[in-house]
>>> print(open('structure_1.csv').read())   # CSV, C-alpha atoms and all ligand atoms
chain,number,residue,atom,x,y,z
A,192,MET,CA,3.1,-34.4,53.0
A,193,SER,CA,6.5,-36.1,52.5
A,194,ALA,CA,9.5,-34.9,54.4
A,195,TYR,CA,12.2,-33.0,52.5
A,196,PRO,CA,14.6,-35.3,50.7
A,197,THR,CA,18.0,-35.1,52.5
A,198,ARG,CA,19.7,-33.9,49.3
A,199,PRO,CA,17.6,-33.0,46.3
A,200,LEU,CA,19.3,-33.3,42.9
A,201,ILE,CA,19.9,-29.9,41.2
A,202,ALA,CA,19.8,-29.9,37.5
A,203,PRO,CA,20.7,-26.5,36.0
A,204,SER,CA,19.1,-25.8,32.7
A,205,LEU,CA,21.5,-24.8,30.0
A,206,LEU,CA,18.7,-22.6,28.4
A,207,ALA,CA,19.8,-19.7,30.7
A,208,ALA,CA,23.5,-20.1,30.0
A,209,ASP,CA,25.6,-17.9,27.7
A,210,PHE,CA,25.1,-19.6,24.3
A,211,ALA,CA,28.3,-18.1,23.0
A,212,ARG,CA,30.3,-20.0,25.7
A,213,LEU,CA,28.4,-23.3,26.2
A,214,GLY,CA,31.4,-25.6,26.8
A,215,GLU,CA,32.7,-23.3,29.6
A,216,GLU,CA,29.3,-22.9,31.0
A,217,VAL,CA,28.9,-26.6,31.4
A,218,THR,CA,32.3,-27.0,33.0
A,219,ALA,CA,31.5,-24.1,35.4
A,220,ILE,CA,28.2,-25.5,36.5
A,221,GLU,CA,29.6,-28.9,37.2
A,222,ARG,CA,32.4,-27.4,39.4
A,223,ALA,CA,29.7,-25.3,41.1
A,224,GLY,CA,28.1,-28.5,42.4
A,225,ALA,CA,25.4,-29.3,39.9
A,226,ASP,CA,24.2,-32.9,39.8
A,227,TRP,CA,22.8,-33.2,36.3
A,228,LEU,CA,22.8,-30.9,33.3
A,229,HIS,CA,19.3,-30.2,32.0
A,230,LEU,CA,19.1,-29.8,28.2
A,231,ASP,CA,16.0,-28.1,26.8
A,232,VAL,CA,15.4,-29.3,23.2
A,233,MET,CA,12.7,-27.2,21.4
A,234,ASP,CA,11.5,-27.4,17.8
A,235,GLY,CA,9.4,-24.3,17.2
A,236,HIS,CA,6.4,-26.6,16.6
A,237,PHE,CA,5.6,-28.4,19.9
A,238,VAL,CA,6.7,-25.2,21.7
A,239,PRO,CA,7.0,-21.7,20.4
A,240,ASN,CA,10.8,-21.5,20.6
A,241,ILE,CA,13.8,-23.2,18.9
A,242,THR,CA,17.0,-24.3,20.8
A,243,PHE,CA,19.3,-27.0,19.7
A,244,GLY,CA,19.6,-30.7,18.8
A,245,PRO,CA,21.8,-33.8,19.2
A,246,MET,CA,24.8,-32.2,17.6
A,247,LEU,CA,25.1,-29.7,20.4
A,248,VAL,CA,24.6,-32.5,23.0
A,249,LYS,CA,27.4,-34.4,21.4
A,250,ALA,CA,29.7,-31.4,21.4
A,251,LEU,CA,29.1,-30.7,25.1
A,252,ARG,CA,29.4,-34.4,26.1
A,253,LYS,CA,33.2,-34.2,26.2
A,254,HIS,CA,33.1,-31.2,28.5
A,255,SER,CA,31.3,-33.0,31.4
A,256,ALA,CA,30.9,-36.2,33.3
A,257,MET,CA,27.5,-35.1,34.7
A,258,PRO,CA,24.4,-37.1,33.6
A,259,PHE,CA,22.8,-35.3,30.7
A,260,ASP,CA,19.1,-34.8,31.3
A,261,ALA,CA,17.4,-34.2,27.9
A,262,HIS,CA,14.0,-32.6,27.9
A,263,LEU,CA,12.5,-33.1,24.5
A,264,MET,CA,9.9,-30.5,23.6
A,265,ILE,CA,9.6,-31.7,20.0
A,266,ALA,CA,6.9,-33.5,18.1
A,267,PRO,CA,7.3,-36.1,16.8
A,268,ALA,CA,10.0,-37.2,19.3
A,269,ASP,CA,10.5,-40.9,18.3
A,270,PRO,CA,12.5,-40.3,15.1
A,271,TYR,CA,15.2,-38.3,17.1
A,272,ILE,CA,15.5,-40.4,20.2
A,273,ALA,CA,18.3,-42.6,18.9
A,274,ALA,CA,20.3,-39.5,17.9
A,275,PHE,CA,20.0,-38.0,21.4
A,276,ALA,CA,21.0,-41.4,22.9
A,277,GLU,CA,24.1,-41.6,20.6
A,278,ALA,CA,25.0,-38.0,21.3
A,279,GLY,CA,25.3,-38.8,25.0
A,280,ALA,CA,22.0,-38.0,26.7
A,281,ASP,CA,21.6,-40.2,29.8
A,282,HIS,CA,18.0,-39.4,30.4
A,283,ILE,CA,15.5,-38.7,27.7
A,284,SER,CA,12.1,-37.2,28.7
A,285,VAL,CA,9.1,-36.7,26.4
A,286,HIS,CA,5.7,-35.1,26.7
A,287,PRO,CA,2.7,-37.5,26.2
A,288,GLU,CA,1.2,-35.0,23.8
A,289,ALA,CA,4.3,-35.3,21.5
A,290,GLY,CA,3.1,-38.6,20.0
A,291,PRO,CA,0.3,-41.2,20.0
A,292,HIS,CA,2.2,-44.0,21.7
A,293,LEU,CA,3.9,-43.0,25.0
A,294,HIS,CA,4.5,-46.6,26.1
A,295,ARG,CA,6.3,-47.4,22.8
A,296,THR,CA,8.4,-44.2,23.2
A,297,LEU,CA,9.5,-45.1,26.7
A,298,GLN,CA,10.3,-48.7,25.5
A,299,LEU,CA,12.4,-47.2,22.8
A,300,ILE,CA,14.4,-45.0,25.2
A,301,ARG,CA,15.0,-47.9,27.5
A,302,SER,CA,16.0,-50.2,24.7
A,303,LEU,CA,18.8,-47.8,24.0
A,304,GLY,CA,20.0,-48.2,27.6
A,305,LYS,CA,18.8,-44.7,28.7
A,306,LYS,CA,16.5,-43.6,31.5
A,307,ALA,CA,13.1,-42.7,30.3
A,308,GLY,CA,11.1,-39.7,31.5
A,309,VAL,CA,7.5,-38.4,31.1
A,310,VAL,CA,6.9,-34.6,31.3
A,311,LEU,CA,3.6,-33.3,32.4
A,312,ASN,CA,2.5,-29.8,31.2
A,313,PRO,CA,0.5,-27.7,33.7
A,314,ALA,CA,-2.8,-28.9,32.2
A,315,THR,CA,-1.7,-32.5,31.8
A,316,PRO,CA,-3.3,-34.8,34.4
A,317,ILE,CA,-1.2,-37.3,36.4
A,318,GLU,CA,-3.3,-40.1,34.9
A,319,SER,CA,-1.3,-39.7,31.7
A,320,VAL,CA,1.6,-41.5,33.4
A,321,ALA,CA,-0.3,-43.8,35.7
A,322,HIS,CA,-0.3,-46.8,33.4
A,323,VAL,CA,3.3,-46.6,32.3
A,324,LEU,CA,5.0,-46.3,35.7
A,325,ASP,CA,6.7,-49.7,35.4
A,326,ILE,CA,8.8,-48.4,32.5
A,327,THR,CA,9.2,-44.8,33.7
A,328,ASP,CA,12.4,-43.7,35.4
A,329,LEU,CA,11.7,-40.0,35.8
A,330,ILE,CA,8.5,-37.8,36.0
A,331,MET,CA,8.9,-34.1,35.3
A,332,VAL,CA,6.2,-31.7,36.4
A,333,MET,CA,6.2,-28.4,34.4
A,334,THR,CA,5.5,-25.4,36.7
A,335,VAL,CA,5.6,-23.1,33.7
A,336,ASN,CA,4.3,-23.6,30.2
A,337,PRO,CA,7.2,-25.0,28.2
A,338,GLY,CA,9.1,-22.9,25.7
A,339,PHE,CA,10.9,-20.2,27.7
A,340,GLY,CA,13.0,-19.6,30.7
A,341,GLY,CA,12.4,-16.9,33.3
A,342,GLN,CA,8.6,-17.4,33.6
A,343,ALA,CA,6.7,-17.2,36.9
A,344,PHE,CA,6.1,-20.4,38.9
A,345,ILE,CA,2.6,-21.8,38.6
A,346,SER,CA,1.7,-22.7,42.2
A,347,SER,CA,-1.4,-24.7,41.2
A,348,GLN,CA,1.0,-27.5,40.3
A,349,LEU,CA,2.0,-28.1,44.0
A,350,PRO,CA,-1.0,-30.5,44.7
A,351,LYS,CA,-0.1,-32.4,41.5
A,352,ILE,CA,3.5,-32.9,42.7
A,353,ALA,CA,2.2,-34.2,46.0
A,354,ALA,CA,-0.2,-36.6,44.2
A,355,LEU,CA,2.6,-37.9,42.0
A,356,ARG,CA,4.7,-38.4,45.1
A,357,GLN,CA,2.0,-40.7,46.5
A,358,MET,CA,1.6,-42.4,43.1
A,359,ILE,CA,5.3,-43.1,42.9
A,360,ASP,CA,5.6,-44.2,46.5
A,361,ALA,CA,2.8,-46.7,45.9
A,362,THR,CA,4.9,-48.4,43.2
A,363,GLY,CA,7.8,-48.9,45.5
A,364,ARG,CA,10.0,-47.9,42.5
A,365,ASP,CA,12.7,-45.4,42.6
A,366,ILE,CA,11.3,-42.9,40.1
A,367,VAL,CA,12.8,-39.4,40.2
A,368,LEU,CA,10.3,-36.6,40.6
A,369,GLN,CA,11.5,-33.5,38.9
A,370,VAL,CA,10.1,-30.0,38.8
A,371,ASP,CA,10.9,-27.6,36.0
A,372,GLY,CA,10.0,-24.0,35.6
A,373,GLY,CA,10.2,-20.9,37.9
A,374,ILE,CA,12.4,-22.7,40.5
A,375,THR,CA,14.0,-20.2,42.8
A,376,GLU,CA,15.2,-20.0,46.4
A,377,LYS,CA,11.6,-18.9,47.2
A,378,THR,CA,9.7,-21.6,45.3
A,379,ALA,CA,12.0,-24.5,46.0
A,380,PRO,CA,11.0,-25.2,49.6
A,381,ALA,CA,7.3,-25.8,48.7
A,382,VAL,CA,8.3,-28.0,45.8
A,383,LEU,CA,10.5,-30.1,48.0
A,384,GLU,CA,7.9,-30.3,50.7
A,385,ALA,CA,5.4,-31.6,48.1
A,386,GLY,CA,7.8,-34.5,47.4
A,387,ALA,CA,10.1,-33.5,44.5
A,388,THR,CA,13.5,-35.1,44.4
A,389,CYS,CA,15.1,-33.1,41.6
A,390,LEU,CA,14.9,-29.3,41.0
A,391,ILE,CA,15.5,-28.0,37.5
A,392,ALA,CA,16.5,-24.3,37.4
A,393,GLY,CA,17.7,-22.1,34.6
A,394,THR,CA,17.5,-18.4,35.5
A,395,ALA,CA,18.0,-19.0,39.2
A,396,VAL,CA,21.4,-20.6,38.6
A,397,TYR,CA,22.8,-19.5,35.3
A,398,GLY,CA,21.4,-16.0,35.8
A,399,ALA,CA,23.2,-15.6,39.1
A,400,PRO,CA,26.7,-14.1,39.5
A,401,ASP,CA,27.9,-17.0,41.7
A,402,TYR,CA,26.7,-20.4,40.4
A,403,ALA,CA,27.9,-22.4,43.5
A,404,ALA,CA,26.0,-20.1,45.8
A,405,ALA,CA,22.9,-20.2,43.6
A,406,ILE,CA,22.9,-24.0,43.6
A,407,ALA,CA,23.5,-24.2,47.4
A,408,ALA,CA,20.6,-21.7,47.9
A,409,LEU,CA,18.2,-24.2,46.3
A,410,ARG,CA,19.2,-27.0,48.7
A,411,PRO,CA,17.5,-27.3,52.1
A,412,ASN,CA,20.7,-27.4,54.0
A,413,ARG,CA,19.0,-25.7,56.9
A,414,PRO,CA,17.6,-28.1,59.5
A,415,HIS,CA,13.9,-28.9,59.1
A,416,ALA,CA,11.6,-26.8,61.1
A,417,ALA,CA,10.7,-29.8,63.3
A,418,GLU,CA,14.4,-30.5,64.0
A,419,LEU,CA,14.9,-26.9,65.0
A,420,THR,CA,12.2,-27.2,67.6
A,421,ALA,CA,13.4,-30.6,68.8
A,422,GLY,CA,17.0,-29.3,69.0
A,423,GLY,CA,16.0,-26.3,71.1
A,424,GLY,CA,17.5,-23.9,68.5
B,501,LIG,C1,11.1,-24.4,29.8
B,501,LIG,C2,12.2,-25.3,30.2
B,501,LIG,C3,12.9,-25.1,31.5
B,501,LIG,C4,13.5,-23.7,31.6
B,501,LIG,C5,13.4,-23.3,33.1
B,501,LIG,O1,10.4,-24.8,28.7
B,501,LIG,O2,11.7,-26.7,30.2
B,501,LIG,O3,13.8,-26.1,31.7
B,501,LIG,O4,14.8,-23.7,31.2
B,501,LIG,O5,13.9,-22.1,33.2
B,501,LIG,P1,13.6,-21.2,34.5
B,501,LIG,O6,14.3,-22.0,35.6
B,501,LIG,O7,14.2,-19.9,34.2
B,501,LIG,O8,12.1,-21.2,34.7
B,502,ZN,ZN,13.2,-28.2,30.8
>>> encode(input="structure_1.csv", output="structure tokens")
Amino acid sequence: MSAYPTRPLIAPSLLAADFARLGEEVTAIERAGADWLHLDVMDGHFVPNITFGPMLVKALRKHSAMPFDAHLMIAPADPYIAAFAEAGADHISVHPEAGPHLHRTLQLIRSLGKKAGVVLNPATPIESVAHVLDITDLIMVMTVNPGFGGQAFISSQLPKIAALRQMIDATGRDIVLQVDGGITEKTAPAVLEAGATCLIAGTAVYGAPDYAAAIAALRPNRPHAAELTAGGG
């Protein structure tokens, strides 16, 4: 098992924000200490829900300096990637099931100067990303079935996170390992222990009364158990 990263990245998901006040919600979460803004794009076809597209990403771009982490739950994805890049997405992540040519899609994202990500559904094996690691900047493990916020964390994904940690470490490349779905103060420690370096959280952050406290609660700012013992308490 990997040690906890010193400071995991926290990427609140706008899906759980107040959609009538999105600009303010983005500003508020940045002030509260968020590292990235996670943007869930859904088409009502790849997943059974519809959210928003590049126009909203563009409108929000002027409200924040945070990296915009776009999670595309759309099929096909390729025809819309340039639009998301132009709108101001810094990271563009796709599901392998969304198109027949994952390698080409990642090449396309990188050719636009953006970081390219691969998202693995709960049933998607880690092998789907094994042969494209050289052009992958982020890997996102879904710990819920994509489509909705507020679902329960699927703990069978923990060994998968650990296996991906090993796969990434073997490359020697600095690939961000994200986990998305059901992240709370309770589930975050196991996810970090398994080797994740970025936590995506919707309900746990935007559903909380105090965004800064909710973000801080996801970070392991408590000393590690081993350090506690060594330090004598
Ligand atoms: C689900 C989305 C998630 C969602 C997470 O399809 O990809 O990003 O917003 O929401 P919570 O944190 O509430 O599970
Ligand atoms: Zn997401």
>>> atom_distance(input="structure_1.csv", atom1="atom CA of A:Ile366", atom2="atom CA of A:Leu324")
8.4 Å
>>> residues_near_ligand(input="structure_1.csv", ligand="ligand ZN 502 (chain B)", cutoff="7 Å", atoms="all atoms listed in the file", output="compact mmCIF listing (two decimals) with C-alpha atoms, in the coordinates of the input")
# COMPACT_ATOMS: atom_id res chain seq x y z
CA SER A 204 19.10 -25.80 32.70
CA HIS A 229 19.30 -30.20 32.00
CA LEU A 230 19.10 -29.80 28.20
CA ASP A 231 16.00 -28.10 26.80
CA HIS A 262 14.00 -32.60 27.90
CA ASP A 371 10.90 -27.60 36.00
>>> residues_around(input="structure_1.csv", residues="stretch 306-313 of chain A", least_positions_apart="5", cutoff="6 Å", atoms="only C-alpha atoms", output="CSV table (one decimal) with C-alpha atoms, in the coordinates of the input")
chain,number,residue,atom,x,y,z
A,282,HIS,CA,18.0,-39.4,30.4
A,283,ILE,CA,15.5,-38.7,27.7
A,284,SER,CA,12.1,-37.2,28.7
A,285,VAL,CA,9.1,-36.7,26.4
A,286,HIS,CA,5.7,-35.1,26.7
A,297,LEU,CA,9.5,-45.1,26.7
A,300,ILE,CA,14.4,-45.0,25.2
A,327,THR,CA,9.2,-44.8,33.7
A,328,ASP,CA,12.4,-43.7,35.4
A,329,LEU,CA,11.7,-40.0,35.8
A,330,ILE,CA,8.5,-37.8,36.0
A,331,MET,CA,8.9,-34.1,35.3
A,332,VAL,CA,6.2,-31.7,36.4
A,333,MET,CA,6.2,-28.4,34.4
>>> residues_around(input="structure_1.csv", residues="A:Pro400", least_positions_apart="6", cutoff="12 Å", atoms="all atoms listed in the file", output="NGL selection string")
:A and (208 or 219-220 or 223 or 394 or 406)
>>> closest_residue(input="structure_1.csv", among="A:Ser347, A:Thr388, A:Thr218, A:Gln369", to="ligand LIG 501 (chain B)", atoms="all atoms listed in the file")
A:Gln369
>>> residues_near_ligand(input="structure_1.csv", ligand="ligand LIG 501 (chain B)", cutoff="10 Å", atoms="all atoms listed in the file", output="MDAnalysis selection string")
chainID A and resid 202:208 229:233 238:240 261:264 310 312 331:344 370:375 390:398
>>> atom_distance(input="structure_1.csv", atom1="atom CA of A:Phe237", atom2="atom CA of A:Ala289")
7.2 Å
>>> residues_around(input="structure_1.csv", residues="A:Ala381", least_positions_apart="2", cutoff="12 Å", atoms="only C-alpha atoms", output="PyMOL selection string")
chain A and resi 192-195+344-350+352-353+370+374-379+383-388+390+409-411
>>> atom_distance(input="structure_1.csv", atom1="atom CA of A:Lys249", atom2="atom CA of A:Leu303")
16.1 Å
